[in-house]
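*Asks:* So that you have it, the file is query.txt, and it contains compact mmCIF, N, CA and C atoms:
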```
# COMPACT_ATOMS: atom_id res chain seq x y z
N MET M 1 2.54 -9.15 16.13
CA MET M 1 2.46 -9.58 14.75
C MET M 1 1.35 -10.61 14.58
N ALA M 2 0.69 -10.52 13.46
CA ALA M 2 -0.37 -11.47 13.18
C ALA M 2 0.23 -12.80 12.73
N ALA M 3 -0.36 -13.88 13.20
CA ALA M 3 0.17 -15.20 12.87
C ALA M 3 -0.05 -15.53 11.39
N ASN M 4 -1.20 -15.18 10.86
CA ASN M 4 -1.53 -15.49 9.47
C ASN M 4 -1.74 -14.23 8.66
N ALA M 5 -0.76 -13.33 8.67
CA ALA M 5 -0.89 -12.09 7.92
C ALA M 5 -0.91 -12.39 6.42
N GLU M 6 -1.80 -11.71 5.71
CA GLU M 6 -1.88 -11.84 4.26
C GLU M 6 -2.27 -10.48 3.69
N TYR M 7 -1.53 -10.03 2.70
CA TYR M 7 -1.78 -8.73 2.09
C TYR M 7 -1.95 -8.88 0.59
N LYS M 8 -2.83 -8.06 0.03
CA LYS M 8 -2.92 -7.93 -1.42
C LYS M 8 -2.03 -6.75 -1.77
N VAL M 9 -0.98 -7.01 -2.52
CA VAL M 9 -0.03 -5.97 -2.88
C VAL M 9 -0.25 -5.58 -4.33
N VAL M 10 -0.46 -4.29 -4.57
CA VAL M 10 -0.61 -3.76 -5.92
C VAL M 10 0.68 -3.03 -6.26
N ILE M 11 1.40 -3.56 -7.27
CA ILE M 11 2.69 -3.00 -7.66
C ILE M 11 2.53 -2.28 -8.99
N ASN M 12 2.90 -1.00 -9.01
CA ASN M 12 2.81 -0.20 -10.23
C ASN M 12 4.18 -0.13 -10.88
N ASP M 13 4.25 -0.52 -12.15
CA ASP M 13 5.47 -0.40 -12.96
C ASP M 13 5.42 0.99 -13.60
N VAL M 14 6.24 1.91 -13.11
CA VAL M 14 6.17 3.30 -13.57
C VAL M 14 6.62 3.47 -15.01
N LYS M 15 7.42 2.54 -15.54
CA LYS M 15 7.86 2.64 -16.94
C LYS M 15 6.72 2.34 -17.91
N THR M 16 5.98 1.28 -17.64
CA THR M 16 4.91 0.87 -18.56
C THR M 16 3.53 1.38 -18.15
N GLY M 17 3.35 1.74 -16.87
CA GLY M 17 2.06 2.19 -16.37
C GLY M 17 1.15 1.04 -15.97
N LYS M 18 1.64 -0.20 -16.04
CA LYS M 18 0.84 -1.35 -15.65
C LYS M 18 0.93 -1.60 -14.15
N SER M 19 -0.14 -2.16 -13.61
CA SER M 19 -0.16 -2.55 -12.20
C SER M 19 -0.36 -4.05 -12.10
N TYR M 20 0.26 -4.65 -11.09
CA TYR M 20 0.20 -6.09 -10.89
C TYR M 20 -0.30 -6.38 -9.49
N ASN M 21 -1.26 -7.30 -9.38
CA ASN M 21 -1.80 -7.71 -8.08
C ASN M 21 -1.12 -8.99 -7.64
N ILE M 22 -0.58 -8.97 -6.43
CA ILE M 22 0.12 -10.12 -5.88
C ILE M 22 -0.37 -10.34 -4.46
N THR M 23 -0.57 -11.59 -4.07
CA THR M 23 -0.92 -11.90 -2.69
C THR M 23 0.35 -12.30 -1.96
N VAL M 24 0.61 -11.62 -0.85
CA VAL M 24 1.80 -11.88 -0.05
C VAL M 24 1.34 -12.46 1.29
N SER M 25 1.90 -13.61 1.67
CA SER M 25 1.53 -14.22 2.95
C SER M 25 2.76 -14.85 3.58
N GLY M 26 2.58 -15.36 4.78
CA GLY M 26 3.67 -16.05 5.47
C GLY M 26 4.70 -15.09 6.05
N ASN M 27 5.96 -15.52 6.02
CA ASN M 27 7.04 -14.72 6.60
C ASN M 27 7.23 -13.39 5.90
N TYR M 28 7.02 -13.36 4.57
CA TYR M 28 7.17 -12.11 3.83
C TYR M 28 6.14 -11.08 4.29
N ALA M 29 4.91 -11.53 4.52
CA ALA M 29 3.87 -10.62 4.99
C ALA M 29 4.18 -10.14 6.41
N ASN M 30 4.64 -11.03 7.26
CA ASN M 30 4.98 -10.64 8.62
C ASN M 30 6.12 -9.63 8.66
N SER M 31 7.06 -9.74 7.74
CA SER M 31 8.18 -8.80 7.73
C SER M 31 7.78 -7.43 7.19
N LEU M 32 6.65 -7.32 6.48
CA LEU M 32 6.16 -6.02 6.02
C LEU M 32 5.46 -5.25 7.13
N GLU M 33 5.00 -5.96 8.14
CA GLU M 33 4.28 -5.30 9.23
C GLU M 33 5.18 -4.31 9.95
N GLY M 34 4.65 -3.11 10.19
CA GLY M 34 5.41 -2.06 10.86
C GLY M 34 6.11 -1.11 9.90
N LYS M 35 6.20 -1.48 8.61
CA LYS M 35 6.79 -0.58 7.62
C LYS M 35 5.82 0.59 7.39
N CYS M 36 6.36 1.74 6.99
CA CYS M 36 5.54 2.94 6.82
C CYS M 36 5.49 3.37 5.36
N ILE M 37 4.52 4.21 5.05
CA ILE M 37 4.41 4.80 3.72
C ILE M 37 5.68 5.61 3.45
N GLY M 38 6.24 5.43 2.27
CA GLY M 38 7.46 6.14 1.90
C GLY M 38 8.71 5.31 2.06
N GLU M 39 8.64 4.21 2.80
CA GLU M 39 9.80 3.34 2.97
C GLU M 39 10.03 2.52 1.70
N ILE M 40 11.29 2.23 1.42
CA ILE M 40 11.65 1.41 0.28
C ILE M 40 12.01 0.02 0.80
N VAL M 41 11.34 -1.00 0.24
CA VAL M 41 11.55 -2.37 0.67
C VAL M 41 12.10 -3.19 -0.49
N ASP M 42 12.69 -4.32 -0.16
CA ASP M 42 13.23 -5.22 -1.17
C ASP M 42 12.07 -5.92 -1.89
N GLY M 43 12.20 -6.12 -3.18
CA GLY M 43 11.15 -6.75 -3.98
C GLY M 43 10.96 -8.22 -3.69
N ILE M 44 11.86 -8.83 -2.95
CA ILE M 44 11.73 -10.25 -2.62
C ILE M 44 10.44 -10.52 -1.84
N PHE M 45 9.95 -9.50 -1.11
CA PHE M 45 8.69 -9.65 -0.37
C PHE M 45 7.53 -9.96 -1.31
N ALA M 46 7.59 -9.43 -2.53
CA ALA M 46 6.51 -9.62 -3.49
C ALA M 46 6.88 -10.57 -4.62
N GLY M 47 7.97 -11.32 -4.44
CA GLY M 47 8.39 -12.27 -5.46
C GLY M 47 9.14 -11.63 -6.61
N LEU M 48 9.74 -10.46 -6.38
CA LEU M 48 10.50 -9.76 -7.41
C LEU M 48 11.93 -9.53 -6.92
N PRO M 49 12.78 -10.56 -6.95
CA PRO M 49 14.15 -10.39 -6.47
C PRO M 49 14.91 -9.39 -7.34
N GLY M 50 15.71 -8.55 -6.69
CA GLY M 50 16.50 -7.55 -7.40
C GLY M 50 15.78 -6.22 -7.56
N TYR M 51 14.50 -6.17 -7.26
CA TYR M 51 13.73 -4.94 -7.38
C TYR M 51 13.67 -4.22 -6.04
N LYS M 52 13.50 -2.90 -6.09
CA LYS M 52 13.25 -2.09 -4.89
C LYS M 52 11.88 -1.46 -5.07
N LEU M 53 11.03 -1.58 -4.06
CA LEU M 53 9.66 -1.08 -4.12
C LEU M 53 9.42 -0.05 -3.03
N LYS M 54 8.72 1.02 -3.38
CA LYS M 54 8.39 2.07 -2.42
C LYS M 54 6.92 1.92 -2.03
N ILE M 55 6.63 1.92 -0.73
CA ILE M 55 5.25 1.83 -0.25
C ILE M 55 4.59 3.19 -0.44
N THR M 56 3.48 3.23 -1.18
CA THR M 56 2.81 4.49 -1.47
C THR M 56 1.47 4.64 -0.77
N GLY M 57 0.94 3.57 -0.18
CA GLY M 57 -0.34 3.68 0.51
C GLY M 57 -0.96 2.32 0.75
N GLY M 58 -2.25 2.34 1.06
CA GLY M 58 -2.96 1.10 1.31
C GLY M 58 -4.31 1.38 1.93
N SER M 59 -5.04 0.32 2.25
CA SER M 59 -6.33 0.47 2.90
C SER M 59 -6.61 -0.76 3.76
N ASP M 60 -7.54 -0.59 4.71
CA ASP M 60 -7.87 -1.69 5.60
C ASP M 60 -9.08 -2.45 5.10
N LYS M 61 -9.59 -3.38 5.91
CA LYS M 61 -10.68 -4.25 5.48
C LYS M 61 -11.99 -3.51 5.24
N THR M 62 -12.15 -2.30 5.79
CA THR M 62 -13.36 -1.52 5.56
C THR M 62 -13.18 -0.49 4.45
N GLY M 63 -12.00 -0.44 3.85
CA GLY M 63 -11.74 0.51 2.78
C GLY M 63 -11.18 1.84 3.25
N THR M 64 -10.90 1.96 4.53
CA THR M 64 -10.34 3.19 5.08
C THR M 64 -8.91 3.35 4.59
N PRO M 65 -8.58 4.49 3.95
CA PRO M 65 -7.24 4.65 3.40
C PRO M 65 -6.19 4.97 4.45
N MET M 66 -4.95 4.61 4.13
CA MET M 66 -3.81 5.00 4.97
C MET M 66 -3.44 6.43 4.60
N ARG M 67 -3.02 7.20 5.59
CA ARG M 67 -2.66 8.60 5.36
C ARG M 67 -1.17 8.78 5.64
N PRO M 68 -0.40 9.32 4.69
CA PRO M 68 1.05 9.41 4.86
C PRO M 68 1.51 10.31 6.01
N ASP M 69 0.72 11.32 6.36
CA ASP M 69 1.15 12.26 7.40
C ASP M 69 0.57 11.96 8.78
N LEU M 70 -0.06 10.79 8.93
CA LEU M 70 -0.62 10.38 10.22
C LEU M 70 0.21 9.22 10.78
N PRO M 71 1.03 9.47 11.81
CA PRO M 71 1.90 8.40 12.31
C PRO M 71 1.14 7.30 13.04
N GLY M 72 1.70 6.10 13.03
CA GLY M 72 1.14 4.99 13.79
C GLY M 72 0.28 4.06 12.97
N LYS M 73 -0.33 3.09 13.68
CA LYS M 73 -1.13 2.05 13.04
C LYS M 73 -2.62 2.25 13.26
N LYS M 74 -3.00 3.14 14.14
CA LYS M 74 -4.40 3.20 14.55
C LYS M 74 -5.29 3.94 13.55
N LYS M 75 -6.59 3.73 13.71
CA LYS M 75 -7.61 4.38 12.90
C LYS M 75 -8.12 5.59 13.68
N THR M 76 -8.21 6.74 13.01
CA THR M 76 -8.57 7.98 13.69
C THR M 76 -9.57 8.75 12.84
N ASP M 77 -10.48 9.47 13.48
CA ASP M 77 -11.38 10.37 12.77
C ASP M 77 -10.74 11.74 12.72
N LEU M 78 -10.55 12.27 11.52
CA LEU M 78 -9.93 13.57 11.32
C LEU M 78 -10.94 14.52 10.72
N LEU M 79 -10.87 15.79 11.10
CA LEU M 79 -11.70 16.82 10.52
C LEU M 79 -11.00 17.32 9.26
N LEU M 80 -11.57 17.01 8.10
CA LEU M 80 -10.92 17.31 6.83
C LEU M 80 -11.72 18.30 6.01
N SER M 81 -11.01 19.19 5.34
CA SER M 81 -11.61 20.00 4.28
C SER M 81 -11.14 19.38 2.97
N ASP M 82 -11.30 20.04 1.87
CA ASP M 82 -10.95 19.47 0.57
C ASP M 82 -9.49 19.03 0.55
N GLY M 83 -9.23 17.81 0.08
CA GLY M 83 -7.87 17.30 0.02
C GLY M 83 -7.85 15.79 0.02
N PHE M 84 -6.77 15.21 0.54
CA PHE M 84 -6.58 13.77 0.55
C PHE M 84 -7.65 13.08 1.38
N GLY M 85 -8.43 12.20 0.77
CA GLY M 85 -9.41 11.40 1.48
C GLY M 85 -10.80 11.99 1.57
N TYR M 86 -10.98 13.26 1.13
CA TYR M 86 -12.30 13.88 1.18
C TYR M 86 -12.34 15.05 0.20
N HIS M 87 -13.44 15.16 -0.52
CA HIS M 87 -13.62 16.28 -1.45
C HIS M 87 -14.90 17.00 -1.09
N GLU M 88 -14.80 18.28 -0.81
CA GLU M 88 -15.94 19.07 -0.36
C GLU M 88 -16.96 19.26 -1.47
N VAL M 89 -18.24 19.35 -1.06
CA VAL M 89 -19.32 19.57 -2.00
C VAL M 89 -19.44 21.07 -2.27
N TYR M 90 -19.37 21.86 -1.21
CA TYR M 90 -19.39 23.31 -1.36
C TYR M 90 -18.17 23.90 -0.66
N HIS M 91 -17.78 25.10 -1.06
CA HIS M 91 -16.56 25.73 -0.55
C HIS M 91 -16.63 25.92 0.97
N GLY M 92 -15.60 25.46 1.65
CA GLY M 92 -15.51 25.62 3.10
C GLY M 92 -16.09 24.48 3.91
N GLU M 93 -16.69 23.50 3.26
CA GLU M 93 -17.28 22.36 3.97
C GLU M 93 -16.17 21.52 4.60
N ARG M 94 -16.44 21.05 5.82
CA ARG M 94 -15.51 20.14 6.49
C ARG M 94 -16.30 18.97 7.04
N ARG M 95 -15.64 17.80 7.11
CA ARG M 95 -16.27 16.59 7.62
C ARG M 95 -15.28 15.80 8.43
N ARG M 96 -15.80 15.04 9.38
CA ARG M 96 -14.96 14.14 10.16
C ARG M 96 -14.93 12.80 9.43
N ILE M 97 -13.75 12.43 8.95
CA ILE M 97 -13.58 11.24 8.11
C ILE M 97 -12.56 10.30 8.78
N ALA M 98 -12.87 9.01 8.76
CA ALA M 98 -11.95 8.01 9.33
C ALA M 98 -10.74 7.85 8.41
N GLN M 99 -9.56 7.86 8.99
CA GLN M 99 -8.29 7.67 8.27
C GLN M 99 -7.44 6.72 9.10
N ARG M 100 -6.54 6.00 8.45
CA ARG M 100 -5.64 5.07 9.14
C ARG M 100 -4.22 5.62 9.07
N GLY M 101 -3.42 5.31 10.09
CA GLY M 101 -2.04 5.78 10.17
C GLY M 101 -1.17 5.22 9.05
N ASN M 102 0.07 5.70 8.96
CA ASN M 102 0.94 5.36 7.84
C ASN M 102 1.71 4.06 8.02
N ALA M 103 1.55 3.35 9.13
CA ALA M 103 2.27 2.10 9.36
C ALA M 103 1.38 0.89 9.03
N ILE M 104 1.99 -0.12 8.45
CA ILE M 104 1.26 -1.34 8.08
C ILE M 104 1.00 -2.17 9.33
N SER M 105 -0.25 -2.57 9.53
CA SER M 105 -0.62 -3.38 10.68
C SER M 105 -1.40 -4.61 10.18
N SER M 106 -1.85 -5.41 11.10
CA SER M 106 -2.60 -6.62 10.73
C SER M 106 -3.98 -6.27 10.18
N ASP M 107 -4.46 -5.03 10.41
CA ASP M 107 -5.76 -4.61 9.89
C ASP M 107 -5.71 -4.22 8.41
N ILE M 108 -4.54 -3.96 7.89
CA ILE M 108 -4.39 -3.55 6.51
C ILE M 108 -4.60 -4.76 5.60
N VAL M 109 -5.34 -4.56 4.51
CA VAL M 109 -5.62 -5.63 3.56
C VAL M 109 -4.85 -5.40 2.26
N GLN M 110 -4.84 -4.16 1.78
CA GLN M 110 -4.19 -3.84 0.51
C GLN M 110 -3.04 -2.88 0.75
N ILE M 111 -1.91 -3.16 0.09
CA ILE M 111 -0.74 -2.29 0.16
C ILE M 111 -0.40 -1.88 -1.27
N ASN M 112 -0.25 -0.58 -1.50
CA ASN M 112 0.12 -0.07 -2.81
C ASN M 112 1.61 0.23 -2.83
N MET M 113 2.29 -0.20 -3.89
CA MET M 113 3.72 0.04 -4.03
C MET M 113 4.03 0.44 -5.46
N LYS M 114 5.18 1.11 -5.64
CA LYS M 114 5.65 1.41 -6.98
C LYS M 114 7.10 1.00 -7.09
N VAL M 115 7.52 0.66 -8.31
CA VAL M 115 8.89 0.22 -8.56
C VAL M 115 9.80 1.44 -8.57
N VAL M 116 10.87 1.38 -7.76
CA VAL M 116 11.84 2.46 -7.71
C VAL M 116 13.13 2.05 -8.42
N GLU M 117 13.48 0.77 -8.26
CA GLU M 117 14.71 0.25 -8.87
C GLU M 117 14.39 -1.10 -9.50
N TYR M 118 14.80 -1.27 -10.76
CA TYR M 118 14.47 -2.47 -11.51
C TYR M 118 15.54 -3.54 -11.36
N GLY M 119 15.09 -4.80 -11.44
CA GLY M 119 16.00 -5.94 -11.35
C GLY M 119 16.41 -6.40 -12.74
N GLY M 120 17.01 -7.58 -12.81
CA GLY M 120 17.52 -8.12 -14.06
C GLY M 120 16.43 -8.54 -15.03
N LYS M 121 15.41 -9.26 -14.55
CA LYS M 121 14.33 -9.74 -15.40
C LYS M 121 13.16 -8.76 -15.33
N SER M 122 12.33 -8.75 -16.38
CA SER M 122 11.17 -7.88 -16.37
C SER M 122 10.12 -8.43 -15.39
N ILE M 123 9.22 -7.58 -14.98
CA ILE M 123 8.19 -7.99 -14.02
C ILE M 123 7.29 -9.06 -14.63
N GLU M 124 6.91 -8.87 -15.88
CA GLU M 124 6.03 -9.86 -16.54
C GLU M 124 6.69 -11.23 -16.61
N ASP M 125 7.99 -11.26 -16.91
CA ASP M 125 8.70 -12.54 -16.97
C ASP M 125 8.75 -13.20 -15.60
N THR M 126 9.05 -12.43 -14.57
CA THR M 126 9.18 -12.97 -13.22
C THR M 126 7.84 -13.48 -12.70
N LEU M 127 6.79 -12.67 -12.83
CA LEU M 127 5.48 -13.07 -12.32
C LEU M 127 4.82 -14.12 -13.20
N GLY M 128 5.09 -14.10 -14.49
CA GLY M 128 4.54 -15.12 -15.40
C GLY M 128 5.11 -16.48 -15.10
N ALA M 129 6.41 -16.54 -14.73
CA ALA M 129 7.05 -17.81 -14.39
C ALA M 129 6.46 -18.39 -13.13
N GLU M 130 6.10 -17.52 -12.17
CA GLU M 130 5.50 -18.01 -10.91
C GLU M 130 4.12 -18.58 -11.16
N LYS M 131 3.33 -17.95 -12.03
CA LYS M 131 1.97 -18.39 -12.26
C LYS M 131 1.92 -19.75 -12.96
N GLN M 132 2.92 -20.06 -13.79
CA GLN M 132 2.92 -21.32 -14.52
C GLN M 132 3.32 -22.50 -13.66
N GLU M 133 4.04 -22.27 -12.58
CA GLU M 133 4.51 -23.37 -11.72
C GLU M 133 3.39 -24.01 -10.95
```
Kindly transcribe the structure held in the file into structure tokens.

*Replies:*
Amino acid sequence: MAANAEYKVVINDVKTGKSYNITVSGNYANSLEGKCIGEIVDGIFAGLPGYKLKITGGSDKTGTPMRPDLPGKKKTDLLLSDGFGYHEVYHGERRRIAQRGNAISSDIVQINMKVVEYGGKSIEDTLGAEKQE
């Protein structure tokens, strides 16, 4: 585990379509390490008590995206045709593209999440109260 883990978490509110950027550091960031895409985590990690958030993706410090079907934390070059992470210029073209595994590691900078279960207070109220303090 990284001693000073810090993640930029982008939370999408599926009801309103708005996204919120939150910086998560300290013990909350360390407890996110090792979680995989598709896992549902408690919203307390992002300052949203009572909420349930699903991890939908992320990227590392070089912008390499996480891939849901690639297990582990490591970065790998995959031969891709048209699809997730690469779009072909002409039909049948394939390229070797760097992709990162589906587990959160210390190399990950941004984590994307969406709200699965809502808490008592709205997201704007909860995050607005934190910003004013």

*Asks:* Any idea what the distance is between atom CA of M:Gly92 and atom CA of M:Leu78?

*Replies:*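 Separation of atom CA of M:Gly92 and atom CA of M:Leu78: 15.6 Å.
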
*Asks:* Could you tell me how far atom CA of M:Asp82 lies from atom CA of M:Val109, in Å and to one decimal?

*Replies:*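 Value for the atom CA of M:Asp82-atom CA of M:Val109 distance: 25.8 Å.
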
*Asks:* What is the distance between atom C of M:Leu79 and atom C of M:Ile97, in Å to one decimal?

*Replies:* 7.2 Å

*Asks:* Could you tell me which of M:Ile11, M:Ala103, M:Met113, M:Leu32 comes closest to M:Leu70 if we count all atoms listed in the file?

*Replies:*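 When distances to M:Leu70 are compared using all atoms listed in the file, the smallest one comes from M:Ala103.
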
*Asks:* Which of these residues is nearest to M:Glu6, using only C-alpha atoms: M:Gly85, M:Gly26, M:Gly119, M:Pro49?

*Replies:*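 Smallest separation from M:Glu6 among the options: M:Gly26.
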
*Asks:* Check the smallest atom-to-atom distance from each of M:Val41, M:Ile104, M:His87, M:Leu53 to M:Gly72 using all atoms listed in the file, then report the winner.

*Replies:*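 Ranked by minimum distance to M:Gly72, first place goes to M:Ile104.
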
*Asks:* Give me, as a ChimeraX atom specification, the residues of stretch 26-128 of chain M that a backbone DSSP run labels strand (DSSP E or B).

*Replies:* /M:36,40-42,52-60,65-66,75-80,83,86,95-100,103,108-117

*Asks:* Is there a way to get, as number ranges by chain, all residues within 7 Å of the point (-0.7, -9.6, 8.6) in file coordinates, counting only C-alpha atoms?

*Replies:* M: 1-2, 4-7, 29-30, 33, 105-106

*Asks:* Please identify all polymer residues within 10 Å of M:Lys114, counting only C-alpha atoms, omitting same-chain residues fewer than 4 positions from it, and present them as a list of chain:residue names.

*Replies:*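 After dropping sequence-adjacent residues, the list is M:Val10, M:Ile11, M:Asn12, M:Asp13, M:Val14, M:Ser19, M:Ile40, M:Lys52, M:Leu53, M:Lys54, M:Ile55, M:Thr56, M:Gly57.
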
*Asks:* Go through M:Lys74, M:Asn102, M:Lys15, M:Tyr51 one by one, measure the shortest atom-to-atom distance of each to M:Lys35 using all atoms listed in the file, and give the residue with the smallest value.

*Replies:* M:Asn102

*Asks:* Might you pull out every residue within 5 Å of M:Pro71, with all atoms listed in the file counted and same-chain residues fewer than 2 positions away left off, and present them as a list in words?

*Replies:* Asp69, Lys73, Gly101 and Asn102 of chain M

*Asks:* Around all listed atoms of stretch 47-55 of chain M, padded 8 Å per side, what centre and edge lengths does the axis-aligned box have in Å to one decimal, as JSON?

*Replies:*
```
{"center_x": 10.5, "center_y": -4.5, "center_z": -3.9, "size_x": 27.9, "size_y": 31.5, "size_z": 23.3}
```
